[in-house]
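structure22.txt follows; it contains compact mmCIF, C-alpha atoms.
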# COMPACT_ATOMS: atom_id res chain seq x y z
CA MET F 26 70.23 -84.31 -177.82
CA ARG F 27 68.48 -83.46 -174.62
CA ARG F 28 70.22 -83.90 -171.29
CA ALA F 29 68.63 -86.33 -168.95
CA LYS F 30 67.11 -84.52 -165.95
CA SER F 31 68.64 -85.43 -162.64
CA VAL F 32 66.45 -87.61 -160.61
CA VAL F 33 65.77 -86.37 -157.07
CA LEU F 34 64.11 -88.81 -154.80
CA PRO F 35 61.19 -87.62 -152.65
CA ARG F 36 63.23 -88.30 -149.47
CA GLN F 37 66.04 -86.06 -150.77
CA VAL F 38 63.57 -83.29 -151.57
CA ALA F 39 62.17 -83.47 -148.06
CA SER F 40 65.68 -83.46 -146.61
CA ARG F 41 66.60 -80.32 -148.55
CA LYS F 42 63.41 -78.57 -147.48
CA TRP F 43 64.21 -79.26 -143.82
CA LEU F 44 67.78 -78.09 -144.36
CA TRP F 45 66.64 -74.76 -145.82
CA LEU F 46 63.95 -74.41 -143.19
CA GLY F 47 66.44 -75.12 -140.41
CA SER F 48 68.91 -72.62 -141.85
CA GLY F 49 66.19 -69.98 -142.08
CA VAL F 50 65.15 -70.53 -138.49
CA PHE F 51 68.78 -70.30 -137.34
CA VAL F 52 69.31 -67.02 -139.22
CA ALA F 53 66.07 -65.61 -137.84
CA ILE F 54 67.05 -66.49 -134.26
CA ALA F 55 70.51 -64.97 -134.80
CA LEU F 56 68.98 -61.73 -136.11
CA VAL F 57 66.61 -61.54 -133.15
CA MET F 58 69.49 -62.08 -130.71
CA VAL F 59 71.57 -59.35 -132.38
CA SER F 60 68.69 -56.88 -132.32
CA VAL F 61 67.90 -57.65 -128.68
CA TYR F 62 71.58 -57.27 -127.70
CA ALA F 63 71.86 -53.96 -129.56
CA GLY F 64 68.73 -52.57 -127.97
CA PHE F 65 69.33 -53.94 -124.49
CA PRO F 66 70.43 -51.25 -122.00
CA ARG F 67 73.98 -52.08 -121.01
CA LYS F 68 75.23 -51.63 -117.48
CA LYS F 69 77.01 -48.32 -116.94
CA HIS F 70 80.75 -48.64 -116.75
CA THR F 71 81.76 -47.23 -113.36
CA ILE F 72 85.23 -46.30 -112.23
CA THR F 73 84.86 -48.86 -109.42
CA ALA F 74 84.35 -51.63 -112.00
CA ILE F 75 87.17 -50.35 -114.22
CA LEU F 76 89.66 -50.38 -111.34
CA SER F 77 88.44 -53.71 -109.99
CA GLU F 78 89.19 -55.35 -113.33
CA THR F 79 92.84 -54.34 -112.94
CA GLY F 80 93.17 -55.32 -109.28
CA TYR F 81 92.83 -51.84 -107.77
CA PHE F 82 90.44 -50.49 -105.17
CA GLU F 83 88.81 -47.11 -105.76
CA VAL F 84 89.68 -44.35 -103.31
CA VAL F 85 86.82 -41.85 -102.80
CA PRO F 86 87.44 -38.98 -102.90
CA PRO F 87 90.91 -39.12 -104.49
CA SER F 88 93.64 -37.91 -102.13
CA THR F 89 97.38 -37.98 -101.46
CA PHE F 90 97.04 -40.40 -98.53
CA GLY F 91 98.01 -44.07 -98.55
CA GLY F 92 100.88 -43.96 -101.02
CA PRO F 93 103.29 -46.86 -101.68
CA GLY F 94 104.97 -48.14 -98.51
CA THR F 95 102.51 -46.57 -96.07
CA ILE F 96 100.78 -48.64 -93.39
CA ASN F 97 97.01 -48.20 -93.10
CA THR F 98 94.03 -49.78 -91.41
CA ILE F 99 91.62 -50.84 -94.15
CA GLU F 100 87.86 -50.61 -94.19
CA TYR F 101 86.29 -52.50 -97.10
CA LEU F 102 82.98 -51.04 -98.26
CA SER F 103 80.15 -53.07 -99.75
CA ASN F 104 80.22 -50.96 -102.93
CA GLY F 105 83.69 -52.23 -103.92
CA ARG F 106 85.61 -49.23 -102.63
CA LEU F 107 87.72 -48.84 -99.52
CA GLU F 108 88.57 -46.27 -96.89
CA LEU F 109 92.10 -45.86 -95.60
CA HIS F 110 92.83 -44.92 -92.01
CA PRO F 111 96.52 -44.02 -91.53
CA THR F 112 97.94 -46.29 -88.84
CA CYS F 113 101.56 -45.17 -88.60
CA ASP F 114 103.21 -41.83 -89.35
CA ILE F 115 106.00 -42.08 -91.88
CA ASP F 116 108.93 -39.76 -92.50
CA PRO F 117 108.99 -39.00 -96.26
CA THR F 118 112.77 -39.40 -96.30
CA LEU F 119 112.27 -43.08 -95.42
CA LEU F 120 110.78 -43.58 -98.90
CA THR F 121 113.28 -41.45 -100.80
CA GLY F 122 114.52 -43.34 -103.84
CA LYS F 123 112.21 -46.30 -103.18
CA ILE F 124 109.07 -45.24 -105.06
CA GLN F 125 109.11 -45.82 -108.80
CA ARG F 126 106.94 -43.81 -111.18
CA SER F 127 105.76 -45.16 -114.51
CA ARG F 128 103.72 -43.53 -117.28
CA THR F 129 103.01 -47.01 -118.63
CA VAL F 130 99.29 -47.41 -118.05
CA ASP F 131 97.42 -50.06 -120.05
CA ARG F 132 95.99 -48.41 -123.19
CA ASP F 133 92.44 -49.73 -122.63
CA LEU F 134 92.55 -48.63 -119.00
CA LYS F 135 93.84 -45.19 -120.02
CA GLN F 136 91.03 -44.76 -122.56
CA SER F 137 88.41 -45.80 -120.00
CA LEU F 138 89.75 -43.41 -117.37
CA GLU F 139 89.88 -40.45 -119.72
CA LYS F 140 86.18 -40.73 -120.54
CA LYS F 141 83.68 -38.75 -118.52
CA LEU F 142 82.28 -41.09 -115.86
CA ASP F 143 79.11 -40.42 -113.92
CA VAL F 144 80.05 -40.51 -110.23
CA SER F 145 76.97 -38.73 -108.90
CA ALA F 146 76.01 -41.47 -106.44
CA GLN F 147 79.50 -41.87 -104.98
CA VAL F 148 80.13 -38.15 -104.56
CA ARG F 149 76.71 -37.41 -103.08
CA ASP F 150 77.62 -39.61 -100.11
CA LYS F 151 80.52 -37.27 -99.38
CA LEU F 152 78.54 -34.11 -100.09
CA SER F 153 75.35 -34.91 -98.21
CA ALA F 154 76.07 -32.14 -95.66
CA VAL F 155 76.47 -29.45 -98.33
CA ALA F 156 73.41 -27.20 -98.46
CA GLY F 157 71.93 -26.81 -101.93
CA MET F 158 72.94 -30.21 -103.29
CA GLN F 159 69.41 -30.57 -104.68
CA GLN F 160 70.52 -28.08 -107.35
CA VAL F 161 73.13 -30.55 -108.62
CA GLU F 162 71.80 -32.73 -111.43
CA ALA F 163 74.92 -34.84 -112.03
CA VAL F 164 78.63 -35.05 -111.29
CA ASN F 165 81.06 -36.40 -113.90
CA LEU F 166 84.65 -37.40 -113.28
CA LYS F 167 87.53 -37.22 -115.74
CA LEU F 168 91.07 -38.39 -115.02
CA GLU F 169 94.07 -37.09 -116.92
CA ASN F 170 97.83 -37.78 -116.96
CA ALA F 171 97.55 -41.13 -115.20
CA ASN F 172 100.68 -42.67 -113.67
CA ILE F 173 101.52 -45.77 -111.68
CA LEU F 174 103.50 -45.32 -108.46
CA LEU F 175 104.90 -48.53 -107.00
CA ILE F 176 107.42 -49.92 -104.54
CA SER F 177 109.35 -53.18 -104.66
CA ASP F 178 108.72 -55.99 -102.20
CA GLU F 179 112.23 -55.52 -100.83
CA SER F 180 111.54 -51.86 -100.08
CA LEU F 181 108.16 -52.76 -98.58
CA ILE F 182 109.92 -55.05 -96.11
CA SER F 183 112.67 -52.57 -95.22
CA THR F 184 110.12 -49.77 -94.71
CA ARG F 185 107.91 -52.00 -92.57
CA ASN F 186 110.85 -53.09 -90.41
CA ALA F 187 111.84 -49.46 -89.88
CA LEU F 188 108.30 -48.50 -88.78
CA LEU F 189 107.36 -51.45 -86.55
CA LYS F 190 108.36 -50.09 -83.17
CA ALA F 191 107.04 -48.01 -80.28
CA GLU F 192 103.72 -46.22 -80.97
CA CYS F 193 103.38 -47.64 -84.51
CA GLU F 194 103.53 -51.18 -83.15
CA ASP F 195 101.02 -50.30 -80.43
CA ALA F 196 98.62 -48.82 -83.00
CA ILE F 197 98.81 -51.94 -85.19
CA THR F 198 98.28 -54.24 -82.19
CA GLN F 199 95.25 -52.23 -81.10
CA ASN F 200 93.63 -52.28 -84.55
CA VAL F 201 94.26 -55.97 -85.26
CA SER F 202 93.01 -56.97 -81.77
CA SER F 203 89.81 -55.02 -82.53
CA GLY F 204 89.17 -57.11 -85.63
CA ALA F 205 90.58 -54.69 -88.22
CA VAL F 206 93.02 -55.50 -91.01
CA VAL F 207 96.24 -53.51 -91.34
CA CYS F 208 97.95 -53.49 -94.74
CA GLN F 209 100.80 -51.86 -96.60
CA THR F 210 100.27 -50.17 -99.95
CA ARG F 211 102.12 -51.73 -102.89
CA SER F 212 101.09 -49.37 -105.71
CA VAL F 213 98.69 -46.55 -106.55
CA LEU F 214 97.16 -45.04 -109.65
CA GLU F 215 97.76 -41.30 -109.70
CA ALA F 216 96.14 -38.72 -111.95
CA ASP F 217 94.93 -35.16 -112.32
CA VAL F 218 91.29 -35.25 -111.25
CA VAL F 219 88.50 -33.06 -112.62
CA TYR F 220 84.91 -33.15 -111.33
CA GLU F 221 82.44 -31.49 -113.70
CA ILE F 222 79.23 -30.44 -111.94
CA LYS F 223 76.03 -30.23 -113.95
CA TYR F 224 73.60 -27.83 -112.27
CA ARG F 225 69.89 -27.45 -112.80
CA ASN F 226 68.87 -24.54 -115.06
CA ALA F 227 67.08 -22.70 -112.25
CA ILE F 228 70.26 -21.94 -110.30
CA SER F 229 71.77 -18.45 -110.57
CA MET F 230 75.41 -17.72 -111.39
CA GLU F 231 76.05 -16.51 -107.83
CA GLU F 232 74.53 -19.65 -106.31
CA LYS F 233 76.50 -21.85 -108.69
CA ALA F 234 79.81 -20.20 -107.80
CA LYS F 235 79.10 -20.46 -104.06
CA LEU F 236 78.01 -24.09 -104.25
CA THR F 237 81.02 -25.04 -106.40
CA SER F 238 83.31 -23.45 -103.82
CA GLU F 239 81.65 -25.43 -101.00
CA ILE F 240 81.91 -28.69 -102.96
CA ALA F 241 85.60 -28.04 -103.63
CA ALA F 242 86.24 -27.46 -99.93
CA LYS F 243 84.35 -30.61 -98.94
CA LEU F 244 86.33 -32.75 -101.41
CA ASP F 245 89.59 -31.01 -100.46
CA LEU F 246 90.03 -29.84 -104.05
CA ASP F 247 90.27 -26.47 -105.81
CA VAL F 248 87.78 -24.64 -108.01
CA HIS F 249 88.99 -25.26 -111.56
CA GLU F 250 90.60 -22.13 -112.98
CA GLY F 251 88.28 -20.24 -115.29
CA ALA F 252 85.20 -22.40 -114.56
CA ASP F 253 82.41 -22.12 -112.00
CA ASP F 254 81.17 -25.69 -112.52
CA LYS F 255 84.40 -27.69 -112.07
CA VAL F 256 86.65 -28.65 -109.18
CA SER F 257 90.02 -30.30 -109.63
CA GLY F 258 93.23 -31.53 -108.07
CA SER F 259 96.64 -32.52 -109.39
CA GLN F 260 98.52 -35.80 -108.84
CA LEU F 261 95.93 -37.45 -106.59
CA PHE F 262 95.62 -41.15 -105.77
CA PHE F 263 92.33 -42.60 -107.03
CA GLY F 264 93.19 -46.30 -107.13
CA ILE F 265 95.18 -48.41 -104.69
CA ARG F 266 96.63 -51.92 -104.69
CA LEU F 267 97.63 -53.53 -101.42
CA SER F 268 100.35 -55.99 -100.51
CA PRO F 269 98.44 -59.30 -100.08
CA ASN F 270 99.91 -60.15 -96.68
CA PRO F 271 98.50 -58.24 -93.68
CA ILE F 272 100.74 -56.87 -90.95
CA VAL F 273 100.35 -59.11 -87.91
CA LEU F 274 102.25 -58.85 -84.63
CA LYS F 275 102.72 -61.56 -82.01
CA SER F 276 101.20 -59.30 -79.38
CA ALA F 277 97.93 -58.98 -81.33
CA THR F 278 94.96 -61.29 -80.83
CA GLY F 279 91.94 -62.09 -82.99
CA GLU F 280 91.29 -63.35 -86.51
CA ILE F 281 93.93 -62.73 -89.17
CA LYS F 282 92.29 -61.23 -92.26
CA PRO F 283 93.94 -60.94 -95.70
CA CYS F 284 94.47 -57.66 -97.54
CA THR F 285 92.16 -58.76 -100.35
CA ARG F 286 88.46 -58.70 -101.14
CA LYS F 287 86.39 -61.45 -99.55
What is this file in structure tokens?
Amino acid sequence: MRRAKSVVLPRQVASRKWLWLGSGVFVAIALVMVSVYAGFPRKKHTITAILSETGYFEVVPPSTFGGPGTINTIEYLSNGRLELHPTCDIDPTLLTGKIQRSRTVDRDLKQSLEKKLDVSAQVRDKLSAVAGMQQVEAVNLKLENANILLISDESLISTRNALLKAECEDAITQNVSSGAVVCQTRSVLEADVVYEIKYRNAISMEEKAKLTSEIAAKLDLDVHEGADDKVSGSQLFFGIRLSPNPIVLKSATGEIKPCTRK
């Protein structure tokens, strides 16, 4: 006995055709979007962006200035970095036992920092006076052995109270009255810093060694042992996080600016 064929109404047939057509169009659009995304040139991941995502400012070039507890006049740069100008001298013994060191750096942050990052544009600003820079094709930065150095709010206050007198107070008053912002450092990212310099093929070995030496001196670093195309430094601060509240004195005049990005 033959089975009766199912009856499909014309309207149902049309509905199914539109359903399949719609599904096909959706899949096609999705495939196009995936292919465009895969082929689209992504924005380079810079160290400035990496640090900004974690609340730190980039310090260029890395240095040992501006550690936790220190008081500095801050200059915010349009490129997302900052320059520190020491405002008050501080006796290192004042911070003895107050600075905590932690090897606990976020895993994703650690992986990003340990990759080679192109910092050619940033470094060229600092090396513009070095003769022969046209022989440098690129400069890559790698950070190793990253640590966090931080100080508690209680210690920030006690350190600030110990410093705010005499010439330190005068210096803060002068800077704030001139429209500057004076802040105290809460924490820093510290690491061993290696700059790898990629030279153009035309340069000789003697020229390369001389130019590397000049670059090292300009960045206040050392020529990397056993290499004529690297300069490095140990335990340098490359990222800084500020206490949010600026240091303001009653004797100062002018607008009070926060220790954060605008």
Using only C-alpha atoms, find the one residue out of F:Gly157, F:Pro271, F:Leu107, F:Pro283 that sits nearest to F:Ser77. F:Leu107
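Atom CA of F:Thr79 is positioned 17.1 Å from atom CA of F:Pro93.
Near stretch 181-192 of chain F, within 8 Å and counting only C-alpha atoms, sit Gly94, Ile96, Cys113, Ile115, Leu119, Leu120, Ile176, Ser177, Ala196, Gln209 and Arg211 of chain F, not including residues fewer than 4 positions from it in the same chain.
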If we draw a sphere of 10 Å around (92.3, -54.0, -88.8), which residues have at least one atom in it when counting all atoms listed in the file? Please report them as a list of chain:residue names.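 Output of the proximity query reads F:Asn97, F:Thr98, F:Ile99, F:Glu100, F:His110, F:Thr112, F:Ile197, F:Thr198, F:Gln199, F:Asn200, F:Val201, F:Ser202, F:Ser203, F:Gly204, F:Ala205, F:Val206, F:Val207, F:Cys208, F:Pro271, F:Ile272, F:Val273, F:Gly279, F:Glu280, F:Ile281, F:Lys282, F:Pro283, F:Cys284.
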Quick one: of F:Asp114, F:Glu139, F:Glu239, F:Asp217, who's nearest to F:Ala154, counting only C-alpha atoms?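 With only C-alpha atoms as the atom set, the closest residue is F:Glu239.
Proximity ranking of F:Ile173, F:Cys193, F:Leu214, F:Ile240 relative to F:Val84 places F:Leu214 first, based on all atoms listed in the file.
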